[in-house]
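Next comes run_34.csv, with CSV, C-alpha atoms.
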chain,number,residue,atom,x,y,z
J,1,MET,CA,0.0,0.0,0.0
J,2,LYS,CA,1.3,3.4,-0.9
J,3,GLU,CA,1.1,6.8,0.8
J,4,LYS,CA,-2.1,8.0,2.4
J,5,LEU,CA,-4.8,9.4,0.0
J,6,THR,CA,-6.7,12.6,0.7
J,7,ILE,CA,-10.3,11.6,0.5
J,8,LEU,CA,-13.5,13.6,0.9
J,9,PHE,CA,-16.6,11.6,1.9
J,10,LEU,CA,-20.0,13.2,1.1
J,11,SER,CA,-23.3,12.2,2.7
J,12,LYS,CA,-26.6,13.5,4.0
J,13,ILE,CA,-27.6,11.2,6.7
J,14,THR,CA,-30.1,12.3,9.4
J,15,GLY,CA,-29.4,9.9,12.1
J,16,ASP,CA,-32.5,7.8,11.5
J,17,ARG,CA,-31.8,4.9,13.8
J,18,ALA,CA,-33.7,2.5,11.5
J,19,ALA,CA,-31.6,3.3,8.5
J,20,GLY,CA,-28.5,1.2,7.6
J,21,PRO,CA,-26.3,4.1,6.5
J,22,THR,CA,-26.7,5.7,9.9
J,23,TYR,CA,-24.4,2.9,11.1
J,24,SER,CA,-22.4,1.9,8.1
J,25,ILE,CA,-21.2,5.3,6.9
J,26,PRO,CA,-19.7,6.4,10.3
J,27,ALA,CA,-18.1,2.9,10.6
J,28,GLN,CA,-16.7,3.1,7.1
J,29,VAL,CA,-15.3,6.6,7.8
J,30,ALA,CA,-13.7,5.5,11.0
J,31,ALA,CA,-12.0,2.5,9.4
J,32,GLN,CA,-10.8,4.4,6.3
J,33,ALA,CA,-9.5,7.2,8.4
J,34,LYS,CA,-7.0,4.8,10.0
J,35,ILE,CA,-5.1,4.5,6.8
J,36,ASP,CA,-6.0,7.6,4.7
J,37,ASN,CA,-6.2,11.3,5.2
J,38,LEU,CA,-10.0,11.7,5.3
J,39,LEU,CA,-12.7,14.3,5.9
J,40,TRP,CA,-16.4,13.5,6.1
J,41,PHE,CA,-18.8,16.2,5.1
J,42,ASN,CA,-22.4,15.4,6.2
J,43,ASN,CA,-24.5,18.0,4.4
J,44,ASN,CA,-27.1,18.9,7.0
J,45,TYR,CA,-27.0,20.0,10.6
J,46,ASN,CA,-26.8,16.6,12.1
J,47,LYS,CA,-23.7,15.6,14.1
J,48,PRO,CA,-24.6,13.1,16.9
J,49,GLN,CA,-22.6,13.2,20.1
J,50,ALA,CA,-21.4,9.6,19.3
J,51,TRP,CA,-19.6,10.9,16.2
J,52,ILE,CA,-17.8,13.5,18.3
J,53,ASP,CA,-17.0,11.1,21.1
J,54,ASN,CA,-15.5,8.7,18.6
J,55,LYS,CA,-13.4,11.5,17.2
J,56,LEU,CA,-14.7,11.1,13.6
J,57,PRO,CA,-13.3,13.6,11.2
J,58,VAL,CA,-16.7,15.0,10.3
J,59,LEU,CA,-18.0,18.5,9.5
J,60,ASN,CA,-21.6,19.6,8.7
J,61,LEU,CA,-23.5,22.8,7.7
J,62,THR,CA,-22.9,24.3,11.1
J,63,ASP,CA,-19.2,24.2,10.3
J,64,ILE,CA,-19.4,25.0,6.6
J,65,PRO,CA,-22.7,26.9,6.0
J,66,SER,CA,-22.1,27.3,2.3
J,67,GLY,CA,-21.7,23.6,1.7
J,68,ARG,CA,-19.2,24.4,-1.1
J,69,LEU,CA,-16.1,22.5,-2.0
J,70,ASN,CA,-13.8,25.6,-2.0
J,71,ASP,CA,-14.9,26.5,1.5
J,72,LEU,CA,-13.8,23.1,3.0
J,73,PRO,CA,-10.5,23.2,4.9
J,74,ALA,CA,-7.3,22.4,2.9
J,75,PRO,CA,-6.4,19.9,1.6
J,76,PHE,CA,-10.0,18.6,1.4
J,77,ASN,CA,-11.0,21.5,-0.9
J,78,GLN,CA,-8.7,19.7,-3.5
J,79,PRO,CA,-8.8,16.0,-2.5
J,80,ASP,CA,-7.4,13.1,-4.4
J,81,LEU,CA,-10.8,11.5,-4.5
J,82,ILE,CA,-14.4,12.2,-3.5
J,83,VAL,CA,-16.7,9.4,-2.3
J,84,VAL,CA,-20.4,10.2,-2.7
J,85,GLU,CA,-22.5,8.1,-0.4
J,86,MET,CA,-25.8,7.5,-2.3
J,87,CYS,CA,-26.7,9.4,-5.4
J,88,TYR,CA,-30.1,11.1,-5.2
J,89,MET,CA,-28.9,14.0,-3.1
J,90,HIS,CA,-29.3,17.4,-4.6
J,91,PHE,CA,-26.8,19.0,-2.2
J,92,ALA,CA,-24.0,17.1,-4.1
J,93,ASN,CA,-24.7,19.0,-7.3
J,94,LYS,CA,-22.5,22.1,-6.5
J,95,ILE,CA,-19.7,20.0,-4.9
J,96,ILE,CA,-19.6,17.6,-7.9
J,97,ALA,CA,-19.8,20.5,-10.4
J,98,ALA,CA,-16.8,22.1,-8.7
J,99,ALA,CA,-15.0,18.7,-8.7
J,100,GLN,CA,-15.6,18.3,-12.4
J,101,LYS,CA,-14.2,21.8,-13.2
J,102,GLN,CA,-11.1,21.0,-11.1
J,103,HIS,CA,-10.8,17.5,-12.5
J,104,ILE,CA,-11.1,15.9,-9.1
J,105,PRO,CA,-12.3,12.3,-9.6
J,106,TYR,CA,-15.2,10.9,-7.7
J,107,ILE,CA,-16.9,7.6,-7.1
J,108,ILE,CA,-20.5,6.9,-6.2
J,109,ILE,CA,-21.9,4.4,-3.7
J,110,PRO,CA,-25.6,4.2,-4.7
J,111,ARG,CA,-26.7,1.8,-2.0
J,112,SER,CA,-29.3,0.0,-4.2
J,113,ASN,CA,-30.6,3.2,-5.9
J,114,PHE,CA,-29.5,2.0,-9.4
J,115,THR,CA,-31.1,-1.4,-9.2
J,116,LYS,CA,-34.0,-2.1,-11.5
J,117,GLN,CA,-36.3,-2.7,-8.6
J,118,ALA,CA,-35.4,0.6,-6.9
J,119,GLN,CA,-35.8,2.5,-10.2
J,120,GLN,CA,-39.4,1.2,-10.4
J,121,HIS,CA,-40.2,2.8,-7.1
J,122,LYS,CA,-41.5,6.3,-7.8
J,123,PRO,CA,-40.4,5.8,-11.4
J,124,LEU,CA,-41.5,9.2,-12.8
J,125,LYS,CA,-39.6,11.2,-10.2
J,126,LYS,CA,-36.5,9.1,-10.8
J,127,TRP,CA,-36.8,9.2,-14.5
J,128,LEU,CA,-37.1,13.0,-14.5
J,129,GLY,CA,-34.1,13.4,-12.1
J,130,ASN,CA,-32.0,11.1,-14.2
J,131,VAL,CA,-32.8,12.9,-17.5
J,132,LEU,CA,-32.2,16.4,-16.0
J,133,TYR,CA,-29.0,15.6,-14.0
J,134,PHE,CA,-28.2,12.4,-12.3
J,135,LYS,CA,-27.4,10.2,-15.4
J,136,ARG,CA,-24.7,12.7,-16.5
J,137,MET,CA,-23.3,13.0,-13.0
J,138,VAL,CA,-23.0,9.2,-12.7
J,139,ARG,CA,-21.5,8.7,-16.2
J,140,LYS,CA,-18.8,11.2,-15.4
J,141,ALA,CA,-17.8,9.4,-12.2
J,142,ALA,CA,-14.6,7.6,-12.1
J,143,ALA,CA,-16.4,4.5,-11.0
J,144,ILE,CA,-19.4,3.1,-9.1
J,145,GLN,CA,-18.9,1.1,-5.9
J,146,TYR,CA,-21.6,-1.5,-5.5
J,147,LEU,CA,-22.0,-3.3,-2.2
J,148,THR,CA,-22.7,-6.7,-3.6
J,149,GLN,CA,-22.3,-8.5,-6.9
J,150,GLN,CA,-26.0,-9.0,-7.0
J,151,GLU,CA,-26.5,-5.2,-6.7
J,152,GLN,CA,-24.0,-4.7,-9.5
J,153,VAL,CA,-25.9,-7.2,-11.8
J,154,GLU,CA,-29.3,-5.8,-10.9
J,155,SER,CA,-28.1,-2.2,-11.7
J,156,GLY,CA,-27.0,-3.1,-15.2
J,157,PRO,CA,-24.1,-1.6,-17.2
J,158,GLY,CA,-25.9,1.5,-18.4
J,159,TRP,CA,-24.9,3.8,-15.5
J,160,ASN,CA,-21.2,3.7,-15.9
J,161,THR,CA,-18.7,1.4,-17.6
J,162,ASN,CA,-16.5,1.2,-14.5
J,163,SER,CA,-17.6,-0.4,-11.3
J,164,PHE,CA,-16.3,-2.6,-8.5
J,165,VAL,CA,-17.7,-4.4,-5.5
J,166,ILE,CA,-16.8,-3.7,-1.8
J,167,PRO,CA,-19.4,-4.6,0.8
J,168,ASN,CA,-20.6,-3.0,4.0
J,169,GLY,CA,-18.7,-4.1,7.1
J,170,ILE,CA,-19.5,-4.8,10.8
J,171,SER,CA,-17.9,-4.6,14.2
J,172,LEU,CA,-18.4,-8.1,15.5
J,173,PRO,CA,-20.2,-8.5,18.8
J,174,VAL,CA,-18.8,-11.0,21.4
J,175,LEU,CA,-20.8,-14.2,20.6
J,176,GLN,CA,-22.3,-16.1,23.4
J,177,ASN,CA,-23.1,-19.8,23.1
J,178,LYS,CA,-26.2,-19.9,20.9
J,179,VAL,CA,-29.0,-21.9,22.5
J,180,PHE,CA,-32.1,-22.6,20.3
J,181,SER,CA,-35.6,-23.0,21.6
J,182,ALA,CA,-36.6,-26.6,22.2
J,183,LYS,CA,-40.4,-26.1,22.0
J,184,CYS,CA,-40.9,-23.2,19.6
J,185,LEU,CA,-39.4,-21.3,16.7
J,186,ARG,CA,-38.8,-17.7,17.5
J,187,THR,CA,-38.3,-15.8,14.2
J,188,VAL,CA,-37.6,-12.1,14.0
J,189,TYR,CA,-37.4,-9.4,11.4
J,190,VAL,CA,-35.6,-6.2,12.5
J,191,GLY,CA,-35.7,-3.3,10.1
J,192,ARG,CA,-37.9,-0.6,8.7
J,193,VAL,CA,-41.5,-1.6,8.2
J,194,GLU,CA,-41.8,-0.9,4.4
J,195,LYS,CA,-44.3,-3.2,2.8
J,196,TYR,CA,-42.9,-3.0,-0.7
J,197,GLN,CA,-39.1,-2.7,-0.5
J,198,LYS,CA,-38.8,-5.0,2.5
J,199,GLY,CA,-41.2,-7.6,1.0
J,200,LEU,CA,-43.2,-8.0,4.3
J,201,ASP,CA,-46.3,-8.5,2.2
J,202,LEU,CA,-44.7,-11.5,0.6
J,203,LEU,CA,-43.7,-12.9,3.9
J,204,VAL,CA,-47.2,-12.5,5.4
J,205,GLU,CA,-48.8,-14.2,2.4
J,206,ALA,CA,-46.3,-17.1,2.6
J,207,MET,CA,-47.1,-17.6,6.2
J,208,GLY,CA,-50.8,-17.6,5.4
J,209,LYS,CA,-50.3,-20.6,3.1
J,210,LEU,CA,-48.5,-22.5,5.8
J,211,GLN,CA,-50.3,-21.3,8.9
J,212,ASN,CA,-51.4,-24.8,10.1
J,213,GLN,CA,-47.9,-26.2,9.8
J,214,LEU,CA,-46.5,-23.1,11.5
J,215,ARG,CA,-48.9,-23.4,14.4
J,216,SER,CA,-48.0,-27.0,14.9
J,217,ALA,CA,-44.3,-26.2,15.0
J,218,HIS,CA,-45.0,-23.2,17.5
J,219,PHE,CA,-43.5,-20.9,14.9
J,220,THR,CA,-43.8,-17.2,15.6
J,221,LEU,CA,-42.7,-14.0,13.8
J,222,ASP,CA,-41.9,-10.8,15.7
J,223,ILE,CA,-41.5,-7.7,13.6
J,224,TYR,CA,-39.4,-4.9,15.0
J,225,GLY,CA,-38.9,-1.6,13.4
J,226,PRO,CA,-40.5,1.9,12.7
J,227,ASP,CA,-43.3,2.3,10.3
J,228,ARG,CA,-42.4,3.9,6.9
J,229,HIS,CA,-44.8,5.2,4.3
J,230,ASN,CA,-47.8,4.2,6.3
J,231,SER,CA,-47.1,0.5,5.7
J,232,LEU,CA,-47.9,-0.8,9.1
J,233,GLU,CA,-51.7,-0.5,9.2
J,234,PRO,CA,-52.3,-2.2,5.8
J,235,LEU,CA,-49.9,-4.9,6.9
J,236,LYS,CA,-51.8,-5.4,10.2
J,237,GLU,CA,-55.1,-5.6,8.3
J,238,ARG,CA,-53.8,-8.3,6.0
J,239,ILE,CA,-52.4,-10.3,9.0
J,240,ALA,CA,-55.8,-10.1,10.6
J,241,ASN,CA,-57.7,-11.1,7.4
J,242,LEU,CA,-55.5,-14.1,7.0
J,243,LYS,CA,-56.1,-15.0,10.7
J,244,LEU,CA,-52.4,-14.8,11.5
J,245,SER,CA,-52.5,-12.6,14.5
J,246,ASP,CA,-51.5,-15.4,16.8
J,247,LEU,CA,-48.4,-16.1,14.7
J,248,ILE,CA,-47.2,-12.5,13.8
J,249,SER,CA,-46.7,-9.7,16.3
J,250,TYR,CA,-45.5,-6.1,15.7
J,251,LYS,CA,-43.2,-5.1,18.6
J,252,GLY,CA,-42.1,-1.6,17.6
J,253,ALA,CA,-38.6,-0.3,17.0
J,254,VAL,CA,-35.6,-1.5,18.9
J,255,PHE,CA,-32.1,-0.1,19.1
J,256,GLY,CA,-28.8,-0.7,20.9
J,257,ALA,CA,-28.8,-3.1,23.8
J,258,GLU,CA,-32.5,-4.0,23.3
J,259,LYS,CA,-31.9,-4.9,19.7
J,260,ALA,CA,-28.9,-7.0,20.7
J,261,ARG,CA,-31.1,-8.8,23.2
J,262,VAL,CA,-33.8,-9.5,20.6
J,263,LEU,CA,-31.2,-11.0,18.2
J,264,GLN,CA,-29.5,-13.1,21.0
J,265,GLU,CA,-32.8,-14.6,22.0
J,266,ALA,CA,-34.2,-15.4,18.5
J,267,ASP,CA,-33.8,-18.6,16.6
J,268,ILE,CA,-34.2,-17.4,13.0
J,269,PHE,CA,-33.8,-14.0,11.3
J,270,VAL,CA,-35.9,-13.4,8.2
J,271,MET,CA,-35.5,-10.7,5.4
J,272,THR,CA,-37.6,-11.0,2.3
J,273,SER,CA,-36.7,-7.7,0.6
J,274,ARG,CA,-37.4,-6.9,-3.0
J,275,PHE,CA,-34.2,-4.9,-3.2
J,276,GLU,CA,-31.4,-3.8,-1.0
J,277,GLY,CA,-27.8,-2.4,-1.2
J,278,HIS,CA,-26.1,-4.5,1.4
J,279,PRO,CA,-28.4,-4.8,4.4
J,280,MET,CA,-26.7,-4.0,7.7
J,281,GLY,CA,-29.5,-5.6,9.7
J,282,LEU,CA,-28.9,-8.9,8.0
J,283,ILE,CA,-25.1,-8.8,8.5
J,284,GLU,CA,-25.7,-8.0,12.2
J,285,ALA,CA,-28.1,-10.9,12.5
J,286,LEU,CA,-25.4,-13.2,11.0
J,287,ALA,CA,-22.9,-11.8,13.5
J,288,TYR,CA,-25.1,-13.0,16.3
J,289,GLY,CA,-25.1,-16.5,14.8
J,290,LEU,CA,-28.7,-16.4,13.6
J,291,PRO,CA,-29.5,-18.7,10.6
J,292,CYS,CA,-31.2,-16.4,8.1
J,293,VAL,CA,-34.1,-16.7,5.6
J,294,VAL,CA,-33.3,-14.4,2.7
J,295,THR,CA,-34.7,-13.6,-0.8
J,296,THR,CA,-32.8,-12.8,-3.9
J,297,GLY,CA,-33.6,-9.1,-3.3
J,298,THR,CA,-31.5,-8.9,-0.2
J,299,ASN,CA,-28.4,-9.2,-2.4
J,300,MET,CA,-27.0,-11.8,-0.1
J,301,ARG,CA,-28.6,-14.9,-1.4
J,302,GLU,CA,-25.4,-16.2,-3.0
J,303,GLU,CA,-23.4,-15.7,0.2
J,304,ILE,CA,-25.9,-17.4,2.4
J,305,GLU,CA,-26.0,-20.4,0.1
J,306,LYS,CA,-22.2,-20.6,-0.2
J,307,PHE,CA,-21.7,-20.5,3.5
J,308,GLY,CA,-24.7,-22.7,4.4
J,309,ALA,CA,-25.9,-19.9,6.7
J,310,GLY,CA,-29.6,-20.3,6.3
J,311,TRP,CA,-32.3,-20.7,3.6
J,312,THR,CA,-33.0,-18.8,0.5
J,313,ALA,CA,-35.9,-18.0,-1.8
J,314,ASP,CA,-37.0,-16.1,-4.9
J,315,ASN,CA,-39.1,-13.0,-4.3
J,316,THR,CA,-42.3,-14.9,-4.6
J,317,VAL,CA,-44.9,-16.1,-2.1
J,318,ASP,CA,-44.5,-19.7,-3.1
J,319,SER,CA,-40.7,-19.7,-2.9
J,320,ILE,CA,-40.7,-18.1,0.5
J,321,ALA,CA,-43.3,-20.6,1.7
J,322,ALA,CA,-41.0,-23.4,0.5
J,323,ALA,CA,-38.1,-21.9,2.4
J,324,LEU,CA,-40.2,-21.7,5.6
J,325,THR,CA,-41.1,-25.4,5.1
J,326,LYS,CA,-37.5,-26.3,5.0
J,327,ILE,CA,-36.9,-24.6,8.3
J,328,LEU,CA,-39.6,-26.8,9.9
J,329,ASN,CA,-37.9,-29.9,8.6
J,330,GLU,CA,-34.3,-29.0,9.3
J,331,ARG,CA,-34.2,-28.0,13.0
J,332,ALA,CA,-31.4,-30.5,13.5
J,333,GLN,CA,-29.2,-28.2,11.3
J,334,PHE,CA,-29.7,-25.0,13.3
J,335,ALA,CA,-26.5,-25.2,15.3
J,336,GLN,CA,-24.4,-25.9,12.2
J,337,LYS,CA,-26.1,-23.1,10.2
J,338,SER,CA,-25.5,-20.8,13.2
J,339,ALA,CA,-21.7,-21.4,13.1
J,340,HIS,CA,-21.8,-20.8,9.4
J,341,ALA,CA,-23.7,-17.5,9.8
J,342,ARG,CA,-21.0,-16.2,12.2
J,343,ALA,CA,-18.3,-17.3,9.8
J,344,LEU,CA,-19.9,-15.4,7.0
J,345,ALA,CA,-20.2,-12.2,9.2
J,346,GLU,CA,-16.5,-12.4,10.0
J,347,GLN,CA,-15.7,-11.8,6.3
J,348,TYR,CA,-17.0,-8.2,6.7
J,349,ASP,CA,-14.5,-6.8,9.1
J,350,TRP,CA,-14.3,-3.0,8.6
J,351,ASP,CA,-10.5,-2.8,8.7
J,352,LYS,CA,-10.2,-5.4,6.0
J,353,ILE,CA,-12.7,-3.5,3.9
J,354,ALA,CA,-10.8,-0.2,4.4
J,355,GLN,CA,-7.5,-1.8,3.1
J,356,GLN,CA,-9.3,-3.2,0.1
J,357,SER,CA,-10.9,0.2,-0.6
J,358,HIS,CA,-7.6,2.0,-0.4
J,359,GLN,CA,-6.1,-0.5,-3.0
J,360,ILE,CA,-9.0,0.0,-5.4
J,361,TYR,CA,-9.0,3.8,-5.0
J,362,GLU,CA,-5.2,3.8,-5.8
J,363,GLU,CA,-5.9,1.6,-8.9
J,364,ILE,CA,-8.6,4.0,-10.1
J,365,LEU,CA,-6.4,7.1,-9.6
J,366,ASN,CA,-3.4,5.4,-11.4
J,367,HIS,CA,-5.6,4.6,-14.4
J,368,LEU,CA,-6.8,8.2,-14.6
J,369,LYS,CA,-3.2,9.5,-14.5
J,370,GLU,CA,-1.7,6.9,-16.8
J,371,ASN,CA,-4.4,6.3,-19.4
J,372,THR,CA,-6.9,9.1,-19.6
J,373,GLY,CA,-5.5,12.3,-18.0
J,374,ASN,CA,-8.6,14.4,-17.2
J,375,ASN,CA,-11.1,12.1,-18.9
J,376,TYR,CA,-13.3,10.3,-16.4
J,377,ASP,CA,-14.3,7.5,-18.8
J,378,ILE,CA,-11.7,4.9,-17.6
J,379,SER,CA,-11.7,1.2,-18.0
J,380,LEU,CA,-10.2,-0.9,-15.2
J,381,SER,CA,-8.0,-3.6,-16.6
J,382,HIS,CA,-8.9,-5.9,-13.7
J,383,PRO,CA,-12.2,-4.7,-12.2
J,384,ALA,CA,-11.7,-5.4,-8.5
J,385,THR,CA,-14.2,-7.4,-6.5
J,386,PHE,CA,-14.1,-8.1,-2.8
J,387,ASN,CA,-14.5,-11.8,-2.4
J,388,THR,CA,-16.2,-13.1,0.7
J,389,ARG,CA,-14.7,-16.6,0.4
Same coordinates, now as structure tokens:
Amino acid sequence: MKEKLTILFLSKITGDRAAGPTYSIPAQVAAQAKIDNLLWFNNNYNKPQAWIDNKLPVLNLTDIPSGRLNDLPAPFNQPDLIVVEMCYMHFANKIIAAAQKQHIPYIIIPRSNFTKQAQQHKPLKKWLGNVLYFKRMVRKAAAIQYLTQQEQVESGPGWNTNSFVIPNGISLPVLQNKVFSAKCLRTVYVGRVEKYQKGLDLLVEAMGKLQNQLRSAHFTLDIYGPDRHNSLEPLKERIANLKLSDLISYKGAVFGAEKARVLQEADIFVMTSRFEGHPMGLIEALAYGLPCVVTTGTNMREEIEKFGAGWTADNTVDSIAAALTKILNERAQFAQKSAHARALAEQYDWDKIAQQSHQIYEEILNHLKENTGNNYDISLSHPATFNTR
């Protein structure tokens, strides 16, 4: 690894405790700052005390009211590289416009925003934004960083010819001996209650098809998380109409130590998302040794299958029902799948990911210098991919 790079991270996270980037971006910054010269500009007035206590190199609009690149402290007003966390953030326009004028390369981490499924959500608004600005911004980026290979595939090649894959990471909890329930199956979902993206409607319908078998096995599902887009009431109504109220309970949002307790006491974690970037909640469940039920849309189906860390399904009711049936028939495999879940989570150490990021950032900058000068349309000779195995 060569000398430190000067990197500017851009984001606009609000501190929503149910949103994955609230945790992944500060952790990513902390790990990268160990090996590179880094400043994180969060373009709002949010700066939680935890960021200050952890001595993260972060500024916000209180520190830089203009939000302009030239007003950032040197050398971050002329960094080697800018990393844009997510894409559909209008604040980035003036910073990226200044970067383009000064020939400062930038990469974009879209966090599932470019996938076909995400583009179909509020499609008119996204189409208009893409036509007016975002497509050009993305095409001029040095590269796109996807969080999983599945996200890369689902996003397609039309955004930018250069992309690489580096996942989210995790700080591993101390793992206690996992004890599974002898007389029941305690299944949990922890995340935002968004009926469409998170596929909770598919999960409820699948449980409706199997409800007699699930009752016989004393299978229960507890849903933890805040309501988003008024998804909760329609979901509750469907649960009641299918007569599943004895099997499915909504428990509200949990965070911190309470969330850790929920994961430690559960037997199974389930996530049936239609689309994701790289779900932090799922990685966290794996870190607690929870065998997981996941759909293709979680973008971790391949990893779960390779490691034998749970059960997988297509994003259909019948396929999810088939995966739930396998759980009922494979209780003897829970301990083994738990060990495999933890082994998979251990692949996502933040320090390892920071080292890999630095290497790829260097490769991108070298290609820009050697092959294209000030032209952002580069082609990596060996597009780098973080391998989990």
Take CA of His358 in chain J and CA of Leu39 in chain J and report the distance between them in Å, one decimal.
->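 Spanning CA of His358 in chain J to CA of Leu39 in chain J is a straight-line distance of 14.7 Å.
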Can you list, as JSON, numbers by chain, every protein, DNA or RNA residue that comes within 12 Å of Asp16 in chain J when you count all atoms listed in the file, leaving out same-chain residues fewer than 4 positions away?
-> {"J": [12, 20, 21, 22, 23, 46, 48, 191, 192, 225, 226, 228, 253, 255]}
Which residues, written as a PyMOL selection string, have at least one atom at most 7 Å from range 335-345 of chain J, with all atoms listed in the file counted and residues fewer than 6 positions away on the same chain left out?
-> chain J and resi 283+286-291+307-310
Could you pull the residues within 12 Å of His229 in chain J, counting only C-alpha atoms, minus those fewer than 6 positions along the same chain, as a PyMOL selection string?
-> chain J and resi 192-198+235
Best match for closeness to Pro173 in chain J among J:Val58, J:Leu10, J:Ile320, J:Ala257, counting all atoms listed in the file | J:Ala257
From the list J:Leu72, J:Leu128, J:Leu203, J:Ala332, which residue is nearest Ile239 in chain J when using all atoms listed in the file?
->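 Looking at the shortest contact to Ile239 in chain J, the residue is J:Leu203.
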So how many Å separate CA of Ile248 in chain J and CA of Glu265 in chain J, to one decimal?
->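 Value for the CA of Ile248 in chain J-CA of Glu265 in chain J distance: 16.7 Å.
Nearest to Leu69 in chain J of all the residues J:Ile108, J:Ala31, J:Ala141, J:Leu8 is J:Leu8, based on only C-alpha atoms.
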Quick one: of J:Leu147, J:Ala240, J:Val83, J:Ile364, who's nearest to Asn168 in chain J, counting all atoms listed in the file?
-> J:Leu147
Nearest to Asn177 in chain J by atom-to-atom distance, counting all atoms listed in the file, from J:Asn42, J:Asn241, J:Gln264, J:Gln213 |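 That would be J:Gln264, the residue with the smallest distance to Asn177 in chain J.
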Would you please work out which residue, of J:Ala142, J:Ala182, J:Thr272, J:Val174, is nearest to Asp201 in chain J when using only C-alpha atoms?
-> J:Thr272
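All residues of protein, DNA or RNA that reach within 9 Å of Ala321 in chain J, judged by only C-alpha atoms and not counting those fewer than 4 positions away in the chain, are Leu203, Glu205, Ala206, Met207, Gly208, Lys209, Leu210, Ala313, Thr316, Val317, Thr325 and Lys326 of chain J.
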Which residues come within 7 Å of Val190 in chain J, counting all atoms listed in the file, excluding same-chain residues fewer than 5 positions away, as a ChimeraX atom specification?
-> /J:223-225,281
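Here CA of Thr6 in chain J and CA of Phe76 in chain J stand 6.9 Å from one another.
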Return range 295-308 of chain J, completed with N, CA and C atoms, as a CSV table (one decimal), keeping the file's coordinate frame.
chain,number,residue,atom,x,y,z
J,295,THR,N,-34.3,-13.6,0.6
J,295,THR,CA,-34.7,-13.6,-0.8
J,295,THR,C,-33.6,-13.1,-1.7
J,296,THR,N,-33.7,-13.3,-2.9
J,296,THR,CA,-32.8,-12.8,-3.9
J,296,THR,C,-32.6,-11.2,-3.7
J,297,GLY,N,-33.7,-10.5,-3.4
J,297,GLY,CA,-33.6,-9.1,-3.3
J,297,GLY,C,-32.7,-8.5,-2.2
J,298,THR,N,-32.4,-9.4,-1.2
J,298,THR,CA,-31.5,-8.9,-0.2
J,298,THR,C,-30.1,-8.7,-0.7
J,299,ASN,N,-29.8,-9.2,-1.8
J,299,ASN,CA,-28.4,-9.2,-2.4
J,299,ASN,C,-27.4,-10.0,-1.6
J,300,MET,N,-27.9,-10.9,-0.8
J,300,MET,CA,-27.0,-11.8,-0.1
J,300,MET,C,-27.3,-13.2,-0.2
J,301,ARG,N,-28.2,-13.5,-1.2
J,301,ARG,CA,-28.6,-14.9,-1.4
J,301,ARG,C,-27.4,-15.8,-1.7
J,302,GLU,N,-26.6,-15.4,-2.6
J,302,GLU,CA,-25.4,-16.2,-3.0
J,302,GLU,C,-24.5,-16.5,-1.8
J,303,GLU,N,-24.2,-15.5,-1.0
J,303,GLU,CA,-23.4,-15.7,0.2
J,303,GLU,C,-24.0,-16.6,1.2
J,304,ILE,N,-25.3,-16.5,1.5
J,304,ILE,CA,-25.9,-17.4,2.4
J,304,ILE,C,-25.9,-18.8,1.9
J,305,GLU,N,-26.1,-19.0,0.6
J,305,GLU,CA,-26.0,-20.4,0.1
J,305,GLU,C,-24.6,-20.9,0.1
J,306,LYS,N,-23.6,-20.1,-0.2
J,306,LYS,CA,-22.2,-20.6,-0.2
J,306,LYS,C,-21.8,-21.0,1.2
J,307,PHE,N,-22.1,-20.3,2.2
J,307,PHE,CA,-21.7,-20.5,3.5
J,307,PHE,C,-22.6,-21.5,4.3
J,308,GLY,N,-23.8,-21.8,3.7
J,308,GLY,CA,-24.7,-22.7,4.4
J,308,GLY,C,-25.3,-22.0,5.7
